[in-house]
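Have a look at target_14.txt below; it lists compact mmCIF, C-alpha atoms.
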```txt
# COMPACT_ATOMS: atom_id res chain seq x y z
CA MET A 431 59.59 -51.52 -22.57
CA GLY A 432 60.06 -48.35 -24.62
CA ARG A 433 63.24 -47.26 -26.30
CA ARG A 434 65.69 -46.07 -23.65
CA VAL A 435 68.11 -43.24 -24.42
CA VAL A 436 70.58 -41.58 -22.08
CA VAL A 437 71.56 -37.99 -22.81
CA ILE A 438 74.77 -36.84 -21.15
CA GLY A 439 74.60 -33.10 -20.58
CA GLY A 440 71.78 -30.67 -19.89
CA GLY A 441 72.97 -27.70 -21.88
CA VAL A 442 71.53 -26.37 -25.14
CA ALA A 443 72.23 -29.48 -27.24
CA GLY A 444 71.38 -31.98 -24.53
CA MET A 445 68.03 -30.37 -23.72
CA GLU A 446 67.08 -30.05 -27.37
CA ALA A 447 68.05 -33.65 -28.18
CA ALA A 448 66.18 -34.94 -25.13
CA GLY A 449 63.05 -33.02 -26.06
CA GLN A 450 63.10 -34.26 -29.64
CA LEU A 451 63.58 -37.89 -28.57
CA ALA A 452 60.89 -37.69 -25.91
CA ARG A 453 58.38 -36.38 -28.45
CA ARG A 454 59.14 -39.41 -30.62
CA GLY A 455 58.29 -41.84 -27.85
CA CYS A 456 61.67 -42.59 -26.31
CA ASN A 457 62.18 -42.87 -22.57
CA VAL A 458 64.97 -40.36 -22.03
CA THR A 459 67.22 -40.00 -19.00
CA VAL A 460 69.26 -36.79 -18.85
CA PHE A 461 72.30 -36.39 -16.60
CA GLU A 462 73.58 -32.87 -15.94
CA LYS A 463 76.68 -32.47 -13.77
CA GLU A 464 75.69 -28.97 -12.63
CA THR A 465 72.88 -28.34 -10.17
CA GLU A 466 70.76 -26.78 -12.91
CA THR A 467 70.34 -27.14 -16.65
CA GLY A 468 71.13 -24.55 -19.31
CA GLY A 469 74.88 -24.87 -19.73
CA HIS A 470 76.76 -21.67 -20.48
CA VAL A 471 73.64 -19.89 -21.73
CA LYS A 472 72.32 -19.43 -18.20
CA ASN A 473 75.36 -17.26 -17.44
CA TRP A 474 74.91 -15.04 -20.51
CA PHE A 475 73.02 -11.75 -20.76
CA HIS A 476 72.10 -10.95 -24.37
CA LEU A 477 72.90 -13.18 -27.32
CA PHE A 478 74.34 -12.26 -30.68
CA PRO A 479 73.48 -11.30 -33.33
CA ASP A 480 69.96 -10.06 -32.49
CA ARG A 481 70.61 -9.26 -28.81
CA LYS A 482 67.94 -11.70 -27.62
CA ASP A 483 67.73 -12.12 -23.86
CA SER A 484 69.27 -15.47 -22.96
CA ARG A 485 66.31 -16.20 -20.70
CA ASP A 486 64.10 -16.52 -23.79
CA VAL A 487 66.28 -19.41 -25.02
CA LEU A 488 66.28 -20.99 -21.56
CA ARG A 489 62.47 -20.85 -21.46
CA TYR A 490 62.29 -22.55 -24.85
CA LEU A 491 64.69 -25.29 -23.72
CA GLY A 492 62.88 -25.65 -20.41
CA ASN A 493 59.64 -26.35 -22.26
CA LYS A 494 61.48 -28.96 -24.34
CA ILE A 495 62.74 -30.89 -21.35
CA ASN A 496 59.49 -30.63 -19.39
CA HIS A 497 58.08 -33.87 -20.83
CA ASN A 498 56.61 -36.98 -19.24
CA ASN A 499 59.09 -39.18 -21.11
CA ILE A 500 62.12 -37.36 -19.66
CA THR A 501 63.77 -38.12 -16.32
CA LEU A 502 66.26 -35.44 -15.35
CA PHE A 503 69.09 -35.84 -12.84
CA THR A 504 71.09 -32.76 -11.92
CA GLY A 505 74.28 -32.61 -9.89
CA ILE A 506 75.29 -36.03 -11.24
CA ALA A 507 78.09 -36.58 -13.73
CA VAL A 508 78.48 -39.57 -16.04
CA GLU A 509 81.82 -41.30 -15.54
CA GLY A 510 81.73 -43.92 -18.28
CA ILE A 511 79.88 -45.82 -21.00
CA ARG A 512 80.26 -49.52 -21.76
CA PRO A 513 78.59 -51.55 -24.56
CA SER A 514 76.67 -54.49 -23.10
CA ASN A 515 74.84 -57.13 -25.20
CA GLY A 516 73.46 -54.76 -27.81
CA SER A 517 72.79 -51.99 -25.30
CA PHE A 518 74.89 -49.73 -23.08
CA SER A 519 75.69 -49.50 -19.41
CA VAL A 520 76.07 -45.89 -18.30
CA PHE A 521 77.96 -45.34 -15.03
CA THR A 522 77.37 -42.24 -12.94
CA GLY A 523 79.50 -40.46 -10.38
CA ASP A 524 77.18 -41.43 -7.54
CA GLY A 525 77.88 -45.13 -8.16
CA ASN A 526 74.76 -46.03 -10.12
CA GLU A 527 74.42 -47.85 -13.43
CA ILE A 528 71.65 -47.35 -15.97
CA THR A 529 70.96 -49.35 -19.14
CA ALA A 530 70.25 -47.62 -22.45
CA ASP A 531 69.60 -48.65 -26.04
CA ALA A 532 71.45 -45.56 -27.29
CA VAL A 533 73.48 -42.72 -25.82
CA VAL A 534 73.72 -39.06 -26.83
CA VAL A 535 76.88 -37.29 -25.64
CA ALA A 536 76.22 -33.57 -25.23
CA THR A 537 78.96 -32.61 -22.79
CA GLY A 538 79.50 -29.19 -24.35
CA PHE A 539 82.64 -27.16 -23.80
CA ASP A 540 84.69 -25.44 -21.13
CA LEU A 541 85.95 -21.90 -21.47
CA PHE A 542 89.72 -21.61 -21.74
CA ARG A 543 91.24 -20.87 -18.36
CA SER A 544 92.59 -17.39 -18.95
CA GLU A 545 95.04 -17.56 -16.05
CA LYS A 546 97.14 -19.86 -18.27
CA LYS A 547 98.02 -16.77 -20.32
CA GLU A 548 100.02 -15.09 -17.59
CA GLU A 549 101.10 -12.26 -19.89
CA TYR A 550 97.50 -10.98 -19.87
CA GLY A 551 97.38 -10.74 -16.08
CA TYR A 552 94.14 -12.59 -15.35
CA GLY A 553 94.21 -13.64 -11.70
CA ILE A 554 97.12 -11.24 -11.16
CA TYR A 555 95.59 -7.82 -11.77
CA GLU A 556 92.15 -7.13 -10.31
CA ASN A 557 90.87 -5.24 -13.34
CA VAL A 558 91.57 -7.98 -15.86
CA ILE A 559 88.39 -10.02 -16.33
CA THR A 560 86.98 -12.53 -18.82
CA SER A 561 84.06 -12.28 -21.22
CA ALA A 562 82.08 -14.52 -18.86
CA ASP A 563 82.78 -12.15 -15.95
CA LEU A 564 81.55 -9.24 -18.05
CA GLU A 565 78.28 -11.04 -18.86
CA ARG A 566 77.56 -11.31 -15.14
CA MET A 567 78.15 -7.55 -14.85
CA PHE A 568 75.68 -6.93 -17.67
CA ARG A 569 73.05 -9.02 -15.89
CA LYS A 570 73.52 -6.88 -12.76
CA ASP A 571 73.53 -3.71 -14.92
CA GLN A 572 76.74 -2.65 -13.23
CA ILE A 573 80.08 -2.48 -15.03
CA ARG A 574 82.61 -1.56 -12.41
CA MET A 575 86.30 -1.83 -11.66
CA HIS A 576 87.43 -3.79 -8.61
CA ASP A 577 87.30 -0.70 -6.36
CA GLY A 578 83.74 0.07 -7.48
CA SER A 579 84.63 2.97 -9.78
CA ILE A 580 83.36 3.32 -13.35
CA PRO A 581 85.94 2.49 -16.03
CA GLY A 582 86.61 5.17 -18.62
CA LYS A 583 88.67 3.15 -21.09
CA ILE A 584 88.00 -0.53 -21.72
CA GLY A 585 89.86 -3.00 -23.92
CA LEU A 586 88.71 -6.37 -25.24
CA VAL A 587 91.31 -8.93 -26.28
CA HIS A 588 90.29 -11.46 -28.92
CA CYS A 589 91.57 -15.04 -29.33
CA VAL A 590 92.54 -15.81 -25.72
CA GLY A 591 93.41 -19.50 -25.78
CA SER A 592 92.44 -19.90 -29.44
CA ARG A 593 94.67 -19.90 -32.51
CA ASP A 594 97.50 -20.07 -30.02
CA GLU A 595 100.28 -22.62 -30.42
CA LYS A 596 101.64 -21.90 -26.94
CA ALA A 597 98.22 -22.67 -25.43
CA GLY A 598 98.06 -25.87 -27.48
CA ASN A 599 94.95 -24.72 -29.36
CA LEU A 600 95.56 -24.11 -33.03
CA TYR A 601 91.87 -23.95 -33.93
CA CYS A 602 89.61 -20.91 -34.06
CA SER A 603 86.89 -20.85 -31.39
CA LYS A 604 84.67 -19.19 -33.99
CA LEU A 605 82.60 -17.05 -31.62
CA CYS A 606 85.17 -14.85 -29.86
CA CYS A 607 85.09 -12.07 -32.47
CA VAL A 608 81.33 -11.72 -32.55
CA THR A 609 81.16 -11.97 -28.75
CA ALA A 610 83.67 -9.13 -28.46
CA VAL A 611 81.69 -6.97 -30.89
CA LYS A 612 78.42 -7.63 -29.04
CA GLN A 613 80.01 -6.91 -25.66
CA ALA A 614 81.72 -3.76 -26.92
CA MET A 615 78.35 -2.42 -28.05
CA GLU A 616 76.74 -3.30 -24.74
CA ILE A 617 79.53 -1.58 -22.82
CA ALA A 618 78.93 1.55 -24.90
CA GLU A 619 75.23 1.36 -24.07
CA HIS A 620 75.84 0.95 -20.35
CA LEU A 621 78.64 3.54 -20.14
CA GLU A 622 77.99 6.37 -22.59
CA ASP A 623 81.28 8.17 -21.88
CA ALA A 624 83.51 5.09 -22.06
CA LYS A 625 86.04 4.54 -24.82
CA VAL A 626 86.04 0.93 -26.00
CA PHE A 627 88.75 -0.81 -28.02
CA CYS A 628 88.99 -4.31 -29.51
CA PHE A 629 92.43 -5.85 -30.03
CA TYR A 630 92.10 -8.50 -32.73
CA MET A 631 94.31 -10.70 -34.91
CA ASP A 632 91.81 -10.60 -37.76
CA MET A 633 88.03 -10.39 -37.71
CA ARG A 634 86.25 -13.69 -38.33
CA MET A 635 82.57 -12.82 -38.56
CA GLY A 636 81.28 -15.93 -40.34
CA GLY A 637 77.64 -16.01 -39.37
CA ALA A 638 74.26 -14.57 -40.31
CA MET A 639 74.18 -10.85 -39.41
CA TYR A 640 77.66 -11.01 -37.82
CA GLU A 641 79.28 -8.70 -40.37
CA GLU A 642 76.39 -6.26 -40.03
CA LEU A 643 76.94 -6.24 -36.26
CA TYR A 644 80.63 -5.44 -36.78
CA ARG A 645 79.74 -2.54 -39.04
CA GLU A 646 77.13 -1.25 -36.60
CA ALA A 647 79.69 -1.31 -33.80
CA GLN A 648 81.97 0.99 -35.76
CA GLU A 649 79.42 3.33 -37.31
CA ASN A 650 76.85 3.67 -34.52
CA TYR A 651 78.84 2.96 -31.36
CA GLY A 652 82.29 4.32 -32.17
CA ILE A 653 84.09 1.15 -31.11
CA GLY A 654 87.81 1.26 -31.92
CA PHE A 655 89.34 -1.81 -33.60
CA ILE A 656 93.10 -2.26 -33.41
CA ARG A 657 94.58 -5.06 -35.48
CA GLY A 658 97.37 -6.45 -33.37
CA LYS A 659 98.26 -9.08 -30.83
CA VAL A 660 98.60 -8.07 -27.19
CA SER A 661 102.05 -9.12 -26.00
CA GLU A 662 101.99 -8.01 -22.37
CA VAL A 663 99.81 -6.42 -19.71
CA ALA A 664 101.29 -4.65 -16.69
CA GLN A 665 99.99 -2.35 -13.98
CA ASN A 666 101.39 1.08 -13.11
CA ILE A 667 101.53 2.86 -9.78
CA ASP A 668 98.05 4.34 -10.34
CA ASN A 669 96.60 0.83 -10.83
CA LYS A 670 96.05 1.51 -14.52
CA LEU A 671 96.64 -1.38 -16.88
CA ILE A 672 99.40 -0.85 -19.44
CA VAL A 673 98.67 -2.87 -22.57
CA LYS A 674 101.49 -3.49 -25.02
CA VAL A 675 100.40 -4.44 -28.51
CA GLU A 676 101.94 -4.50 -31.95
CA ASP A 677 99.74 -2.73 -34.49
CA THR A 678 100.16 -5.09 -37.45
CA LEU A 679 98.58 -2.62 -39.88
CA THR A 680 101.19 0.07 -39.25
CA GLY A 681 103.96 -2.25 -38.08
CA ARG A 682 104.50 -0.15 -34.97
CA PRO A 683 104.31 -1.10 -31.29
CA LEU A 684 101.62 0.55 -29.20
CA LYS A 685 101.30 1.11 -25.49
CA MET A 686 97.87 1.97 -24.11
CA GLU A 687 96.57 2.79 -20.66
CA ILE A 688 93.37 0.86 -19.91
CA ASP A 689 91.05 0.86 -16.88
CA LEU A 690 89.41 -2.51 -17.50
CA LEU A 691 90.61 -5.33 -19.76
CA VAL A 692 88.28 -8.11 -20.94
CA LEU A 693 89.68 -11.40 -22.26
CA MET A 694 87.64 -13.27 -24.89
CA ALA A 695 88.16 -16.82 -23.62
CA GLY A 696 87.94 -19.50 -26.31
CA MET A 697 86.27 -22.92 -26.23
CA GLU A 698 87.93 -26.17 -25.19
CA MET A 699 86.75 -29.76 -24.86
CA SER A 700 85.01 -30.09 -21.49
CA GLU A 701 86.70 -32.00 -18.69
CA GLY A 702 83.63 -34.21 -18.41
CA GLY A 703 83.89 -35.02 -22.11
CA LYS A 704 87.54 -35.96 -21.76
CA LYS A 705 86.72 -38.46 -19.00
CA ILE A 706 83.98 -40.07 -21.04
CA ALA A 707 86.20 -40.26 -24.12
CA GLN A 708 88.92 -42.05 -22.17
CA SER A 709 86.62 -44.45 -20.33
CA ALA A 710 84.48 -45.38 -23.35
CA GLY A 711 87.17 -45.40 -26.03
CA LEU A 712 85.55 -42.59 -28.03
CA ASP A 713 87.82 -40.97 -30.59
CA THR A 714 88.92 -37.37 -30.25
CA GLY A 715 90.44 -35.20 -32.97
CA GLU A 716 93.49 -32.99 -33.20
CA ASN A 717 91.52 -30.23 -31.49
CA ARG A 718 90.75 -32.70 -28.64
CA PHE A 719 86.98 -32.40 -29.14
CA PHE A 720 85.06 -35.60 -29.94
CA LYS A 721 85.83 -36.76 -33.47
CA PRO A 722 82.72 -37.44 -35.57
CA ALA A 723 82.65 -40.51 -37.83
CA ASP A 724 82.65 -38.11 -40.79
CA LEU A 725 82.64 -34.32 -40.80
CA HIS A 726 80.43 -34.12 -43.89
CA PHE A 727 77.70 -36.74 -43.58
CA ALA A 728 78.07 -38.33 -40.13
CA SER A 729 78.84 -35.43 -37.78
CA ASN A 730 76.53 -36.86 -35.11
CA GLU A 731 77.96 -40.37 -35.18
CA SER A 732 80.85 -41.65 -33.07
CA ASN A 733 83.23 -44.56 -33.63
CA ILE A 734 80.92 -46.70 -31.46
CA LYS A 735 77.59 -47.72 -32.97
CA GLY A 736 74.75 -46.45 -30.83
CA VAL A 737 76.69 -43.53 -29.31
CA PHE A 738 75.93 -40.15 -30.87
CA TYR A 739 77.16 -36.58 -30.47
CA ALA A 740 75.18 -33.35 -30.14
CA GLY A 741 76.47 -29.79 -30.05
CA THR A 742 79.77 -28.27 -29.00
CA CYS A 743 81.32 -31.47 -27.71
CA THR A 744 82.51 -31.90 -31.33
CA MET A 745 83.57 -28.34 -32.22
CA PRO A 746 82.80 -24.70 -31.42
CA MET A 747 79.24 -23.78 -32.43
CA ASN A 748 76.78 -20.98 -31.81
CA ILE A 749 73.41 -21.68 -30.20
CA THR A 750 71.59 -21.96 -33.52
CA GLU A 751 74.09 -24.54 -34.77
CA ALA A 752 74.01 -26.48 -31.50
CA ILE A 753 70.21 -26.76 -31.62
CA SER A 754 70.29 -27.89 -35.25
CA HIS A 755 73.04 -30.40 -34.48
CA ALA A 756 70.98 -31.76 -31.58
CA ARG A 757 67.94 -32.21 -33.81
CA ALA A 758 70.07 -34.10 -36.30
CA ALA A 759 71.42 -36.29 -33.49
CA ALA A 760 67.88 -37.17 -32.44
CA ALA A 761 67.03 -38.14 -36.02
CA ASP A 762 70.13 -40.36 -36.21
CA VAL A 763 69.24 -42.00 -32.90
CA MET A 764 65.74 -42.83 -34.17
CA ASP A 765 67.16 -44.30 -37.39
CA TYR A 766 69.55 -46.44 -35.35
CA LEU A 767 66.81 -47.67 -33.01
CA ASP A 768 64.54 -48.50 -35.95
CA LYS A 769 67.27 -50.62 -37.51
CA GLN A 770 67.94 -52.36 -34.20
CA LYS A 771 64.24 -53.20 -33.88
CA ASN A 772 64.11 -54.67 -37.38
```

Encoding of this model in structure tokens:
Amino acid sequence: MGRRVVVIGGGVAGMEAAGQLARRGCNVTVFEKETETGGHVKNWFHLFPDRKDSRDVLRYLGNKINHNNITLFTGIAVEGIRPSNGSFSVFTGDGNEITADAVVVATGFDLFRSEKKEEYGYGIYENVITSADLERMFRKDQIRMHDGSIPGKIGLVHCVGSRDEKAGNLYCSKLCCVTAVKQAMEIAEHLEDAKVFCFYMDMRMGGAMYEELYREAQENYGIGFIRGKVSEVAQNIDNKLIVKVEDTLTGRPLKMEIDLLVLMAGMEMSEGGKKIAQSAGLDTGENRFFKPADLHFASNESNIKGVFYAGTCTMPMNITEAISHARAAAADVMDYLDKQKN
């Protein structure tokens, strides 16, 4: 019998890890809780920083997982993992149990539920949407307000659910700033007459070509950047959104009238990941993501030998980082299996 590996999650990291392991001769079983693979990428339009169509990445990942050594189950969640005589029993939501020699956890992330920040009005005012909602509008090539009209003034709020003590998330989600910049540019391309503003705490553009994108947004697209934290969103009698923000550069409060407000929702540990952590006894960190054995030299290893991590189940990452992390996880799995064999 060949080496048996279960991969939990069919997003970017899970698909990449499965493909790498299958190419190295492992019999891989992938469980994806959604009805289709691709994770959050399948809901995205263009990707930063080069504006690549997300479907190009999905095609690449689809080719990875289309392998004779991979068995894929969609619409099935994994409920628990239990060590069993040198191997693992993996329990699924449909009541089945599968045995594996190693397990890769690639449960990804959930977007912060923006309705928790009531002061921003998501779920209260019809023209307050999230960054994920906006991506769906891009895919349809139609940015509209709830009544179907074209917005003239659009605001994007950074750090929604990140770096927020009240939300219980002190960490930076890492990708909100660059997502806002990318989306602001795309809005300007779709709506030439629109005025677009970003409300930010401070710009964190720590990635290849991120800073260049930020500069391009200002110089070539005329995007306005206001350094300040939005304190409250209300709606006036004309259904315009009134955004109150403190401009921290001038020290003065601002009040702006906005047609459409977009909330940059941060990353959180996925609900599926939380269940697996509790059932299997896997450690989580202060940020509630899975805690690697060591952040420097064992970021793919868990506190249970034979269980490995891939991608954003451990921390916020971009797609490039998630793919690299998945490749490293596959290498660690192979090292582990080789040692078990010897």

Who sits within 8 Å of Val587 in chain A, all atoms listed in the file, same chain under 4 positions skipped, as an MDAnalysis selection string: chainID A and resid 610 628:630 660 691:694

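Of the listed residues A:Phe503, A:Tyr490, A:Phe719, A:Tyr766, the one whose atoms come nearest to Gly440 in chain A is A:Phe503, with distances taken using only C-alpha atoms.
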
Contact table range 561-646 of chain A vs range 666-688 of chain A, cut-off 12 Å, shortest pair per residue, all atoms listed in the file, as CSV:
```
residue,atom,partner,partner_atom,distance
A:Met575,CA,A:Asn669,CA,10.7
A:His576,CA,A:Asn669,CA,10.5
A:Asp577,CA,A:Asn669,CA,10.4
A:Pro581,CA,A:Ile688,CA,8.5
A:Gly582,CA,A:Ile688,CA,8.1
A:Lys583,CA,A:Ile688,CA,5.4
A:Ile584,CA,A:Ile688,CA,5.8
A:Gly585,CA,A:Ile688,CA,6.6
A:Leu586,CA,A:Ile688,CA,10.1
A:Val587,CA,A:Val673,CA,10.2
A:Ala624,CA,A:Ile688,CA,10.9
A:Lys625,CA,A:Ile688,CA,9.6
A:Val626,CA,A:Ile688,CA,9.5
A:Phe627,CA,A:Ile688,CA,9.5
A:Cys628,CA,A:Val675,CA,11.5
A:Phe629,CA,A:Val675,CA,8.2
A:Tyr630,CA,A:Asp677,CA,9.7
A:Met631,CA,A:Thr678,CA,8.5
A:Asp632,CA,A:Thr678,CA,10.0
```

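Using all atoms listed in the file, the smallest distance between any of A:Leu600, A:Ala761, A:Met445, A:Ile438 and Ile511 in chain A comes from A:Ile438.
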
Between CA of Gln648 in chain A and CA of Cys606 in chain A, distance in Å (one decimal): 17.2 Å

Distance criterion (only C-alpha atoms): nearest to Gln613 in chain A out of A:Leu564, A:Ala760, A:Val436, A:Ile580: A:Leu564

Expected residue set, 12 Å radius at (68.0, -30.9, -38.3), all atoms listed in the file, as an MDAnalysis selection string: chainID A and resid 443 446:447 450 729:730 740:741 750:762

For range 499-528 of chain A in the structure I just supplied, write out N, CA and C atoms - as an mmCIF file, in the first residue's frame.
```cif
data_model
loop_
_atom_site.group_PDB
_atom_site.id
_atom_site.type_symbol
_atom_site.label_atom_id
_atom_site.label_comp_id
_atom_site.auth_asym_id
_atom_site.auth_seq_id
_atom_site.Cartn_x
_atom_site.Cartn_y
_atom_site.Cartn_z
ATOM 1 N N ASN A 499 -3.354 10.071 -8.509
ATOM 2 C CA ASN A 499 -3.107 9.717 -7.107
ATOM 3 C C ASN A 499 -3.962 10.517 -6.129
ATOM 4 N N ILE A 500 -4.827 11.394 -6.655
ATOM 5 C CA ILE A 500 -5.646 12.247 -5.786
ATOM 6 C C ILE A 500 -7.113 11.843 -5.876
ATOM 7 N N THR A 501 -7.714 11.651 -4.698
ATOM 8 C CA THR A 501 -9.157 11.443 -4.595
ATOM 9 C C THR A 501 -9.741 12.667 -3.906
ATOM 10 N N LEU A 502 -10.656 13.327 -4.593
ATOM 11 C CA LEU A 502 -11.215 14.584 -4.085
ATOM 12 C C LEU A 502 -12.663 14.390 -3.672
ATOM 13 N N PHE A 503 -12.977 14.840 -2.441
ATOM 14 C CA PHE A 503 -14.351 14.865 -1.955
ATOM 15 C C PHE A 503 -14.738 16.306 -1.675
ATOM 16 N N THR A 504 -15.781 16.783 -2.327
ATOM 17 C CA THR A 504 -16.277 18.128 -2.055
ATOM 18 C C THR A 504 -17.599 18.047 -1.295
ATOM 19 N N GLY A 505 -17.926 19.140 -0.621
ATOM 20 C CA GLY A 505 -19.149 19.174 0.174
ATOM 21 C C GLY A 505 -19.066 18.338 1.428
ATOM 22 N N ILE A 506 -17.846 17.974 1.840
ATOM 23 C CA ILE A 506 -17.650 17.147 3.034
ATOM 24 C C ILE A 506 -16.600 17.805 3.921
ATOM 25 N N ALA A 507 -16.958 18.083 5.147
ATOM 26 C CA ALA A 507 -16.035 18.690 6.104
ATOM 27 C C ALA A 507 -15.396 17.612 6.978
ATOM 28 N N VAL A 508 -14.188 17.873 7.424
ATOM 29 C CA VAL A 508 -13.519 17.006 8.386
ATOM 30 C C VAL A 508 -13.847 17.510 9.783
ATOM 31 N N GLU A 509 -14.288 16.603 10.631
ATOM 32 C CA GLU A 509 -14.706 16.974 11.987
ATOM 33 C C GLU A 509 -13.621 16.738 13.031
ATOM 34 N N GLY A 510 -12.706 15.782 12.755
ATOM 35 C CA GLY A 510 -11.696 15.501 13.761
ATOM 36 C C GLY A 510 -10.581 14.611 13.250
ATOM 37 N N ILE A 511 -9.476 14.627 13.984
ATOM 38 C CA ILE A 511 -8.299 13.800 13.688
ATOM 39 C C ILE A 511 -7.893 13.106 14.976
ATOM 40 N N ARG A 512 -7.561 11.801 14.878
ATOM 41 C CA ARG A 512 -7.124 11.086 16.072
ATOM 42 C C ARG A 512 -5.949 10.165 15.716
ATOM 43 N N PRO A 513 -4.807 10.311 16.445
ATOM 44 C CA PRO A 513 -3.692 9.389 16.228
ATOM 45 C C PRO A 513 -4.125 7.964 16.545
ATOM 46 N N SER A 514 -3.637 7.006 15.732
ATOM 47 C CA SER A 514 -4.058 5.618 15.910
ATOM 48 C C SER A 514 -2.963 4.669 15.441
ATOM 49 N N ASN A 515 -2.170 4.147 16.409
ATOM 50 C CA ASN A 515 -1.138 3.134 16.124
ATOM 51 C C ASN A 515 -0.177 3.560 15.015
ATOM 52 N N GLY A 516 0.390 4.739 15.162
ATOM 53 C CA GLY A 516 1.370 5.216 14.193
ATOM 54 C C GLY A 516 0.768 5.853 12.958
ATOM 55 N N SER A 517 -0.546 5.857 12.853
ATOM 56 C CA SER A 517 -1.224 6.519 11.744
ATOM 57 C C SER A 517 -2.307 7.426 12.322
ATOM 58 N N PHE A 518 -3.234 7.861 11.471
ATOM 59 C CA PHE A 518 -4.274 8.779 11.930
ATOM 60 C C PHE A 518 -5.637 8.335 11.403
ATOM 61 N N SER A 519 -6.635 8.492 12.254
ATOM 62 C CA SER A 519 -8.018 8.321 11.836
ATOM 63 C C SER A 519 -8.597 9.712 11.621
ATOM 64 N N VAL A 520 -9.137 9.923 10.425
ATOM 65 C CA VAL A 520 -9.719 11.213 10.073
ATOM 66 C C VAL A 520 -11.232 11.012 9.951
ATOM 67 N N PHE A 521 -11.989 11.801 10.725
ATOM 68 C CA PHE A 521 -13.440 11.641 10.788
ATOM 69 C C PHE A 521 -14.115 12.773 10.011
ATOM 70 N N THR A 522 -15.049 12.396 9.158
ATOM 71 C CA THR A 522 -15.713 13.382 8.311
ATOM 72 C C THR A 522 -17.144 13.637 8.775
ATOM 73 N N GLY A 523 -17.690 14.752 8.299
ATOM 74 C CA GLY A 523 -19.024 15.150 8.713
ATOM 75 C C GLY A 523 -20.127 14.233 8.256
ATOM 76 N N ASP A 524 -19.854 13.401 7.247
ATOM 77 C CA ASP A 524 -20.878 12.459 6.785
ATOM 78 C C ASP A 524 -20.783 11.109 7.485
ATOM 79 N N GLY A 525 -19.988 11.063 8.580
ATOM 80 C CA GLY A 525 -19.936 9.857 9.406
ATOM 81 C C GLY A 525 -18.913 8.829 9.002
ATOM 82 N N ASN A 526 -18.046 9.156 8.059
ATOM 83 C CA ASN A 526 -17.036 8.203 7.622
ATOM 84 C C ASN A 526 -15.717 8.402 8.354
ATOM 85 N N GLU A 527 -14.854 7.401 8.264
ATOM 86 C CA GLU A 527 -13.532 7.439 8.866
ATOM 87 C C GLU A 527 -12.530 6.942 7.834
ATOM 88 N N ILE A 528 -11.435 7.658 7.683
ATOM 89 C CA ILE A 528 -10.395 7.273 6.738
ATOM 90 C C ILE A 528 -9.063 7.251 7.475
#
```
